[in-house]
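Colleague: This one is entry_8.csv, CSV, C-alpha atoms and all ligand atoms.
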chain,number,residue,atom,x,y,z
G,10,MET,CA,-15.1,30.0,-14.5
G,11,PHE,CA,-13.5,29.6,-11.1
G,12,THR,CA,-10.0,29.4,-9.5
G,13,LEU,CA,-8.9,25.9,-8.7
G,14,TYR,CA,-6.0,24.8,-6.5
G,15,LEU,CA,-4.7,21.3,-6.6
G,16,VAL,CA,-3.0,20.6,-3.2
G,17,VAL,CA,-0.4,17.9,-3.2
G,18,PRO,CA,1.4,17.0,0.0
G,19,CYS,CA,4.9,15.6,-0.7
G,20,TYR,CA,7.2,13.8,1.6
G,21,ASN,CA,10.4,12.5,0.0
G,22,GLU,CA,8.7,12.3,-3.4
G,23,GLU,CA,11.6,13.1,-5.8
G,24,ALA,CA,11.0,9.9,-7.7
G,25,VAL,CA,7.4,10.7,-8.6
G,26,LEU,CA,7.3,14.5,-8.6
G,27,PRO,CA,8.4,15.2,-12.2
G,28,GLU,CA,5.8,12.9,-13.6
G,29,THR,CA,3.1,14.1,-11.2
G,30,ALA,CA,3.9,17.7,-12.2
G,31,LYS,CA,3.6,16.9,-15.9
G,32,ARG,CA,0.3,15.1,-15.6
G,33,LEU,CA,-1.3,17.7,-13.3
G,34,LEU,CA,-0.2,20.6,-15.6
G,35,ASP,CA,-1.7,18.8,-18.6
G,36,ILE,CA,-5.0,18.6,-16.7
G,37,LEU,CA,-4.8,22.2,-15.6
G,38,ARG,CA,-4.2,23.3,-19.2
G,39,GLU,CA,-7.2,21.3,-20.5
G,40,LEU,CA,-9.5,22.7,-17.8
G,41,THR,CA,-8.3,26.2,-18.6
G,42,ALA,CA,-8.7,25.7,-22.3
G,43,ALA,CA,-12.2,24.3,-21.8
G,44,GLY,CA,-13.1,27.5,-19.9
G,45,HIS,CA,-13.8,25.7,-16.6
G,46,ILE,CA,-11.0,27.3,-14.5
G,47,SER,CA,-9.2,30.6,-14.5
G,48,ASP,CA,-5.6,31.4,-15.2
G,49,ASP,CA,-5.0,32.0,-11.5
G,50,SER,CA,-5.4,28.3,-10.9
G,51,ARG,CA,-2.4,26.6,-9.4
G,52,ILE,CA,-0.8,23.3,-8.6
G,53,LEU,CA,0.3,23.7,-5.0
G,54,PHE,CA,3.0,21.3,-3.8
G,55,VAL,CA,3.4,21.1,0.0
G,56,ASN,CA,6.9,19.9,1.0
G,57,ASP,CA,6.4,18.2,4.3
G,58,GLY,CA,10.0,18.5,5.5
G,59,SER,CA,11.4,16.1,2.9
G,60,LYS,CA,15.0,14.9,3.3
G,61,ASP,CA,15.6,14.4,-0.4
G,62,ARG,CA,15.5,16.8,-3.3
G,63,THR,CA,11.7,17.3,-3.3
G,64,TRP,CA,11.8,21.0,-2.4
G,65,GLU,CA,14.5,21.8,-5.0
G,66,LEU,CA,12.3,20.1,-7.6
G,67,ILE,CA,9.3,22.2,-6.5
G,68,SER,CA,11.4,25.4,-6.7
G,69,THR,CA,12.6,24.6,-10.2
G,70,LEU,CA,9.1,23.8,-11.3
G,71,HIS,CA,7.9,27.1,-9.9
G,72,SER,CA,10.7,29.1,-11.6
G,73,HIS,CA,9.8,27.6,-15.0
G,74,ASP,CA,6.0,27.9,-14.7
G,75,LYS,CA,4.1,30.1,-12.3
G,76,ARG,CA,1.2,27.7,-12.3
G,77,PHE,CA,3.3,25.6,-10.0
G,78,ALA,CA,3.2,26.9,-6.4
G,79,GLY,CA,5.1,25.7,-3.4
G,80,LEU,CA,4.8,25.7,0.3
G,81,SER,CA,7.5,24.3,2.5
G,82,LEU,CA,7.0,23.2,6.1
G,83,SER,CA,9.9,23.8,8.5
G,84,ARG,CA,10.0,20.0,9.3
G,85,ASN,CA,8.1,16.8,8.7
G,86,ARG,CA,4.6,17.2,10.3
G,87,GLY,CA,2.8,14.3,8.7
G,88,HIS,CA,0.4,14.0,5.8
G,89,GLN,CA,-2.6,15.5,7.5
G,90,ASN,CA,-0.9,18.6,8.7
G,91,ALA,CA,0.9,19.1,5.4
G,92,LEU,CA,-2.5,18.9,3.7
G,93,LEU,CA,-4.0,21.3,6.1
G,94,ALA,CA,-1.2,23.8,5.5
G,95,GLY,CA,-1.8,23.6,1.7
G,96,LEU,CA,-5.5,23.9,2.1
G,97,MET,CA,-5.2,26.9,4.3
G,98,LEU,CA,-3.1,28.7,1.8
G,99,ALA,CA,-5.5,27.7,-1.0
G,100,LYS,CA,-8.4,29.1,1.0
G,101,ASP,CA,-7.1,32.7,0.6
G,102,HIS,CA,-6.6,32.4,-3.2
G,103,ALA,CA,-9.0,29.8,-4.6
G,104,ASP,CA,-12.7,29.2,-5.1
G,105,ALA,CA,-12.1,25.5,-4.6
G,106,ALA,CA,-9.3,23.1,-3.8
G,107,ILE,CA,-8.7,19.5,-4.6
G,108,SER,CA,-6.3,17.5,-2.4
G,109,LEU,CA,-4.6,14.5,-3.8
G,110,ASP,CA,-1.5,12.3,-3.2
G,111,ALA,CA,1.8,13.0,-4.9
G,112,ASP,CA,2.3,9.4,-6.0
G,113,LEU,CA,-0.5,9.4,-8.6
G,114,GLN,CA,-2.5,6.7,-6.7
G,115,ASP,CA,-5.4,9.1,-6.8
G,116,ASP,CA,-6.3,8.9,-10.4
G,117,VAL,CA,-5.8,12.4,-11.8
G,118,GLY,CA,-8.2,11.6,-14.6
G,119,ALA,CA,-11.0,12.0,-12.1
G,120,ILE,CA,-10.2,15.7,-11.5
G,121,GLU,CA,-12.5,16.9,-14.3
G,122,ARG,CA,-15.4,15.0,-12.7
G,123,PHE,CA,-14.7,16.8,-9.4
G,124,VAL,CA,-14.8,20.1,-11.3
G,125,ALA,CA,-18.2,19.0,-12.9
G,126,LYS,CA,-19.6,18.3,-9.4
G,127,TYR,CA,-18.4,21.6,-8.1
G,128,GLU,CA,-20.1,23.4,-11.1
G,129,GLU,CA,-23.3,21.6,-10.2
G,130,GLY,CA,-23.1,23.2,-6.8
G,131,CYS,CA,-21.4,20.6,-4.6
G,132,GLU,CA,-19.1,22.2,-2.0
G,133,VAL,CA,-17.6,19.0,-0.6
G,134,VAL,CA,-16.8,16.3,-3.1
G,135,TYR,CA,-15.5,12.9,-2.0
G,136,GLY,CA,-13.3,10.8,-4.1
G,137,VAL,CA,-14.4,7.2,-3.4
G,138,ARG,CA,-12.5,4.2,-4.6
G,139,SER,CA,-14.4,1.9,-6.9
G,140,SER,CA,-12.4,-1.1,-6.0
G,141,ARG,CA,-9.4,-2.2,-4.0
G,142,GLU,CA,-7.9,-4.5,-6.6
G,143,THR,CA,-4.5,-2.7,-6.6
G,144,ASP,CA,-4.1,-3.2,-2.8
G,145,THR,CA,-2.5,-6.1,-1.2
G,146,GLY,CA,-4.9,-8.5,0.5
G,147,PHE,CA,-3.5,-7.4,3.8
G,148,LYS,CA,-4.1,-3.7,3.2
G,149,ARG,CA,-7.6,-4.4,1.9
G,150,ASN,CA,-8.6,-6.3,4.9
G,151,THR,CA,-7.1,-3.9,7.4
G,152,ALA,CA,-8.8,-1.0,5.7
G,153,ARG,CA,-12.2,-2.8,5.7
G,154,GLY,CA,-11.7,-3.6,9.4
G,155,PHE,CA,-10.9,0.1,10.0
G,156,TYR,CA,-14.0,1.4,8.4
G,157,ARG,CA,-16.2,-1.1,10.2
G,158,LEU,CA,-14.6,-0.2,13.6
G,159,MET,CA,-15.0,3.5,12.9
G,160,SER,CA,-18.7,3.2,12.1
G,161,ALA,CA,-19.2,0.8,15.1
G,162,LEU,CA,-17.7,3.5,17.3
G,163,GLY,CA,-20.1,6.1,15.9
G,164,VAL,CA,-17.5,8.0,13.8
G,165,GLU,CA,-19.1,9.5,10.7
G,166,ILE,CA,-16.8,8.6,7.8
G,167,VAL,CA,-17.2,8.1,4.1
G,168,TYR,CA,-16.5,4.5,3.1
G,169,ASP,CA,-13.3,4.0,1.0
G,170,HIS,CA,-12.7,7.7,0.8
G,171,ALA,CA,-9.2,8.8,1.8
G,172,ASP,CA,-8.0,12.3,1.2
G,173,TYR,CA,-8.9,12.8,-2.4
G,174,ARG,CA,-11.5,15.5,-2.1
G,175,LEU,CA,-12.7,18.8,-3.3
G,176,LEU,CA,-13.5,21.6,-0.9
G,177,SER,CA,-15.1,24.9,-1.9
G,178,ARG,CA,-13.9,28.1,-0.4
G,179,ARG,CA,-16.8,28.1,2.1
G,180,ALA,CA,-15.9,24.6,3.1
G,181,LEU,CA,-12.3,25.6,3.5
G,182,GLU,CA,-13.3,28.5,5.7
G,183,ALA,CA,-15.4,26.2,7.8
G,184,LEU,CA,-12.4,23.8,8.1
G,185,SER,CA,-10.2,26.6,9.3
G,186,GLN,CA,-12.5,27.0,12.3
G,187,TYR,CA,-11.6,23.5,13.5
G,188,GLY,CA,-8.8,24.2,15.9
G,189,GLU,CA,-7.9,20.6,16.8
G,190,ARG,CA,-4.2,19.6,17.0
G,191,ASN,CA,-5.0,15.9,16.5
G,192,LEU,CA,-6.0,16.2,12.9
G,193,PHE,CA,-8.1,13.6,11.1
G,194,LEU,CA,-9.4,15.3,8.0
G,195,ARG,CA,-11.7,12.6,6.7
G,196,GLY,CA,-13.5,12.7,10.0
G,197,ILE,CA,-13.9,16.5,9.9
G,198,ALA,CA,-15.1,16.7,6.3
G,199,PRO,CA,-18.5,15.1,6.9
G,200,GLN,CA,-19.0,17.5,9.8
G,201,LEU,CA,-18.6,20.6,7.6
G,202,GLY,CA,-22.0,20.3,6.0
G,203,PHE,CA,-22.9,22.0,2.7
G,204,ARG,CA,-24.0,20.1,-0.4
G,205,THR,CA,-21.8,17.0,-1.0
G,206,GLY,CA,-21.2,14.8,-3.9
G,207,THR,CA,-19.0,11.8,-4.7
G,208,VAL,CA,-16.7,10.9,-7.5
G,209,GLU,CA,-15.7,7.3,-8.1
G,210,TYR,CA,-12.2,6.5,-9.2
G,211,GLU,CA,-9.9,3.6,-9.7
G,212,ARG,CA,-7.0,3.7,-7.3
G,213,GLN,CA,-3.7,3.2,-9.0
G,214,VAL,CA,-0.6,1.6,-7.8
G,215,ARG,CA,2.1,3.9,-6.5
G,216,PHE,CA,3.9,5.4,-9.6
G,217,ALA,CA,7.4,5.2,-8.0
G,218,GLY,CA,9.1,5.4,-4.7
G,219,GLU,CA,7.9,3.7,-1.5
G,220,SER,CA,4.8,4.1,0.7
G,221,LYS,CA,5.3,6.6,3.5
G,222,TYR,CA,2.7,4.7,5.4
G,223,PRO,CA,4.1,1.6,6.9
G,224,LEU,CA,1.9,-0.6,9.2
G,225,LYS,CA,3.0,1.2,12.3
G,226,LYS,CA,1.9,4.6,10.9
G,227,MET,CA,-1.4,3.1,9.7
G,228,ILE,CA,-2.3,1.8,13.1
G,229,ALA,CA,-1.3,5.1,14.7
G,230,PHE,CA,-3.5,6.9,12.2
G,231,ALA,CA,-6.5,4.6,12.8
G,232,PHE,CA,-6.1,5.1,16.6
G,233,GLU,CA,-5.9,8.8,16.1
G,234,GLY,CA,-9.1,8.8,14.1
G,235,ILE,CA,-11.0,6.8,16.8
G,236,THR,CA,-9.8,8.8,19.8
G,237,SER,CA,-10.2,12.1,18.1
G,238,PHE,CA,-13.8,11.6,17.2
G,239,SER,CA,-15.3,9.0,19.5
G,240,VAL,CA,-15.8,8.9,23.2
G,241,LYS,CA,-17.2,5.4,23.0
G,242,PRO,CA,-14.0,3.8,24.4
G,243,LEU,CA,-14.5,5.8,27.5
G,244,ARG,CA,-18.1,4.5,27.8
G,245,PHE,CA,-16.8,1.0,27.1
G,246,ALA,CA,-14.4,1.4,30.0
G,247,LEU,CA,-17.3,2.3,32.3
G,248,LEU,CA,-19.4,-0.7,31.1
G,249,LEU,CA,-16.5,-3.1,31.5
G,250,GLY,CA,-15.8,-1.7,35.0
G,251,ALA,CA,-19.4,-2.1,36.0
G,252,VAL,CA,-19.5,-5.7,34.7
G,253,ALA,CA,-16.3,-6.6,36.6
G,254,PHE,CA,-17.8,-5.1,39.7
G,255,LEU,CA,-21.0,-7.1,39.4
G,256,VAL,CA,-18.9,-10.3,38.9
G,257,SER,CA,-16.9,-9.6,42.0
G,258,ILE,CA,-20.1,-9.1,44.0
G,259,ALA,CA,-21.4,-12.5,42.7
G,260,ILE,CA,-18.2,-14.1,43.7
G,261,LEU,CA,-18.5,-12.5,47.2
G,262,ILE,CA,-22.0,-13.9,47.6
G,263,TYR,CA,-20.9,-17.3,46.4
G,264,GLY,CA,-18.0,-17.2,48.8
G,265,LEU,CA,-20.2,-16.3,51.8
G,266,ILE,CA,-22.6,-19.1,51.1
G,267,ARG,CA,-19.8,-21.6,50.9
G,268,TRP,CA,-18.4,-20.2,54.1
G,269,LEU,CA,-21.8,-20.5,55.9
G,270,CYS,CA,-22.1,-24.0,54.7
G,271,GLY,CA,-18.8,-24.7,56.3
G,272,MET,CA,-16.8,-25.4,53.2
G,273,THR,CA,-13.7,-23.4,53.2
G,274,VAL,CA,-12.3,-22.4,49.9
G,275,THR,CA,-8.8,-23.6,49.5
G,276,GLY,CA,-8.0,-22.9,45.9
G,277,TRP,CA,-5.7,-20.1,45.4
G,278,THR,CA,-6.1,-20.3,41.6
G,279,SER,CA,-9.4,-18.4,41.6
G,280,LEU,CA,-7.9,-15.8,43.9
G,281,LEU,CA,-4.8,-15.3,41.8
G,282,PHE,CA,-7.0,-15.2,38.7
G,283,SER,CA,-9.2,-12.5,40.0
G,284,ILE,CA,-6.2,-10.4,41.2
G,285,TRP,CA,-4.7,-10.6,37.8
G,286,ALA,CA,-7.9,-10.1,35.9
G,287,LEU,CA,-8.9,-7.0,37.9
G,288,GLY,CA,-5.4,-5.6,37.9
G,289,GLY,CA,-5.2,-6.1,34.2
G,290,LEU,CA,-8.5,-4.5,33.5
G,291,GLN,CA,-7.7,-1.6,35.7
G,292,LEU,CA,-4.5,-1.0,33.9
G,293,LEU,CA,-6.1,-1.3,30.5
G,294,MET,CA,-8.9,1.1,31.3
G,295,LEU,CA,-6.4,3.5,32.9
G,296,GLY,CA,-4.6,3.4,29.6
G,297,VAL,CA,-7.8,4.3,27.7
G,298,VAL,CA,-8.5,7.2,30.1
G,299,GLY,CA,-4.9,8.3,29.9
G,300,GLU,CA,-5.1,8.4,26.1
G,301,TYR,CA,-7.9,11.0,26.3
G,302,VAL,CA,-6.2,12.9,29.1
G,303,GLY,CA,-3.1,13.0,26.9
G,304,LYS,CA,-5.2,14.3,24.0
G,305,THR,CA,-6.8,17.0,26.1
G,306,TYR,CA,-3.3,18.0,27.2
G,307,LEU,CA,-2.1,18.3,23.7
G,308,GLU,CA,-5.2,20.3,22.6
G,309,ALA,CA,-4.9,22.5,25.7
G,310,LYS,CA,-1.4,23.6,24.6
G,311,ARG,CA,-2.7,24.9,21.3
G,312,ARG,CA,0.6,24.5,19.6
G,313,PRO,CA,0.9,25.4,15.9
G,314,ARG,CA,0.1,22.4,13.7
G,315,TYR,CA,2.7,23.4,11.1
G,316,ILE,CA,5.2,26.1,10.6
G,317,VAL,CA,5.8,27.4,7.0
G,318,SER,CA,9.4,28.1,6.1
G,319,GLU,CA,8.9,29.2,2.5
G,320,THR,CA,6.1,30.0,0.1
G,321,LEU,CA,6.4,30.1,-3.7
G,322,LEU,CA,3.2,31.6,-5.1
G,323,GLU,CA,2.6,34.4,-7.6
E,401,LIG,N1,3.1,12.3,3.0
E,401,LIG,C1,3.4,13.5,3.7
E,401,LIG,N2,4.0,13.5,4.9
E,401,LIG,C2,4.3,12.3,5.5
E,401,LIG,C3,3.9,11.1,4.8
E,401,LIG,C4,3.3,11.1,3.6
E,401,LIG,O1,3.1,14.6,3.1
E,401,LIG,O2,4.8,12.3,6.6
E,401,LIG,C5,2.4,12.4,1.7
E,401,LIG,C6,3.1,11.6,0.6
E,401,LIG,O3,4.1,12.3,0.0
E,401,LIG,C7,1.9,11.3,-0.3
E,401,LIG,C8,0.7,11.2,0.6
E,401,LIG,O4,1.1,11.8,1.8
E,401,LIG,O5,1.7,12.3,-1.2
E,401,LIG,C9,0.3,9.7,0.9
E,401,LIG,O6,1.4,9.0,1.3
E,401,LIG,P1,1.8,7.5,0.8
E,401,LIG,O7,1.5,7.5,-0.7
E,401,LIG,O8,3.2,7.2,1.2
E,401,LIG,O9,0.7,6.6,1.6
E,401,LIG,P2,-0.1,5.4,1.0
E,401,LIG,O10,-0.7,5.8,-0.3
E,401,LIG,O11,0.9,4.3,0.9
E,401,LIG,O12,-1.1,5.1,2.1
E,402,MG,MG,0.3,6.4,-1.8
I need this file expressed as structure tokens, please.
Modeller:
Amino acid sequence: MFTLYLVVPCYNEEAVLPETAKRLLDILRELTAAGHISDDSRILFVNDGSKDRTWELISTLHSHDKRFAGLSLSRNRGHQNALLAGLMLAKDHADAAISLDADLQDDVGAIERFVAKYEEGCEVVYGVRSSRETDTGFKRNTARGFYRLMSALGVEIVYDHADYRLLSRRALEALSQYGERNLFLRGIAPQLGFRTGTVEYERQVRFAGESKYPLKKMIAFAFEGITSFSVKPLRFALLLGAVAFLVSIAILIYGLIRWLCGMTVTGWTSLLFSIWALGGLQLLMLGVVGEYVGKTYLEAKRRPRYIVSETLLE
């Protein structure tokens, strides 16, 4: 028997929260009755600075049933930071924590299989989607492209695994040693080590409410993942710079030969082209370097990743 925490980040989730709470409580009850988990197990909702009634709902749930716990961030810090805040609280109370979305897209029916894996001795268990049928074609393709790009860039990442995962206390403690501000949990998880397992599940459609991840946030998230874990873009910049330099030398030799032969080059097109091409390249690469410099700057400041305003846990 062990203590399990279900960590659920919530941002403006008043539409789904009552149903999510009900279903998770049912599962917690079943697992307790079956003797898998202790009475100290909790459902921990992390309010990520919601603007709607999310926190009031969490407080009410907590006052009715102590198995509901709450953590409220002082403002919206994004899914990854909210999740980390919850996991770090769970680390001090639980033997294992499972993180899942509030919108019931991560099939809660899979929780018992996570528990089984943990009981077999796995300390990191990944929830992996068995299909992407519930996604729009667009989201499916962008996601595929994302995973391909990530592995091409040498980032270790589990295919079709989002943030539905179980972490043991030891894994959570390891996670707490990662001090980075630019958080990309699914990149960190494979680095933790320990015995791992996977659980396949069918991803559901959002139960209610709207996605908090519009395209703009998705792109930002992908970019975050790449620049936080891979230095390949920097090497690519170097390579591209070297190639451009070689090309310019070739052009120089070609121009000298033409000049020696007495044929003056009159075309300004090529001249203009190279000015623009080189200028463009330089700017582009400067941007890539700037991205990393910016990250270093943000990391160097070591600002808190989240600030807790309230905790409901007994
Ligand atoms: N979320 C959060 N903070 C945010 C955005 C989202 O805590 O700034 C939570 C949200 O409440 C949900 C989870 O992160 O539990 C995933 O968000 P969502 O379902 O909107 O993303 P999608 O499934 O569409 O990618
Ligand atoms: Mg969702």
Colleague: Rounded to one decimal, what separation in Å do you get between CA of Glu132 in chain G and CA of Ser177 in chain G?
Modeller: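 One can read the CA of Glu132 in chain G to CA of Ser177 in chain G distance as 4.8 Å.
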Colleague: Figure out the distance between CA of Arg51 in chain G and CA of Ala125 in chain G, please, to one decimal in Å.
Modeller: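 Rounded to one decimal, the two atoms are 17.9 Å apart.
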Colleague: Between G:Arg212, G:Arg149, G:Lys304, G:Lys225, single out the one closest to ligand MG 402 (chain E), counting only C-alpha atoms and all ligand atoms.
Modeller: G:Arg212
Colleague: Within 6 Å of ligand LIG 401 (chain E), counting all atoms listed in the file: which residues, as an NGL selection string?
Modeller: :G and (18-20 or 22 or 57 or 85 or 87-88 or 91 or 110-112 or 220-222)
Colleague: For CA of His170 in chain G and CA of Arg195 in chain G, determine how far apart the two atoms are, in Å to one decimal place.
Modeller: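 For CA of His170 in chain G relative to CA of Arg195 in chain G, the distance reads 7.7 Å.
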Colleague: Got a sec to check which residues sit within 8 Å of (-15.6, 18.1, -7.5), counting all atoms listed in the file, and write them as an NGL selection string?
Modeller: :G and (107 or 120-128 or 131-135 or 174-176 or 206-208)
Colleague: Nearest to Tyr14 in chain G: which of G:Leu162, G:Leu224, G:Leu181, G:Leu307 is it, counting all atoms listed in the file?
Modeller: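 Once distances to Tyr14 in chain G are computed over all atoms listed in the file, the minimum belongs to G:Leu181.
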Colleague: Give the answer as one residue: which of G:Gln114, G:Ser50, G:Thr63, G:Asn191 has the shortest atom-to-atom distance to ligand MG 402 (chain E), using all atoms listed in the file?
Modeller: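 Residue with the minimum atom-to-atom distance to ligand MG 402 (chain E): G:Gln114.
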Colleague: Tell me, as a list in words, which residues lie within 10 Å of Met97 in chain G, counting all atoms listed in the file; anything in the same chain fewer than 5 positions away does not count.
Modeller: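 Here the qualifying residues turn out to be Ala91, Leu92, His102, Ala106, Arg178, Leu181, Glu182, Leu184 and Ser185 of chain G.
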Colleague: What's the 10 Å shell around Asp116 in chain G, counting only C-alpha atoms, without same-chain residues fewer than 6 positions away, as a ChimeraX atom specification?
Modeller: /G:109-110,136,138,173,209-214
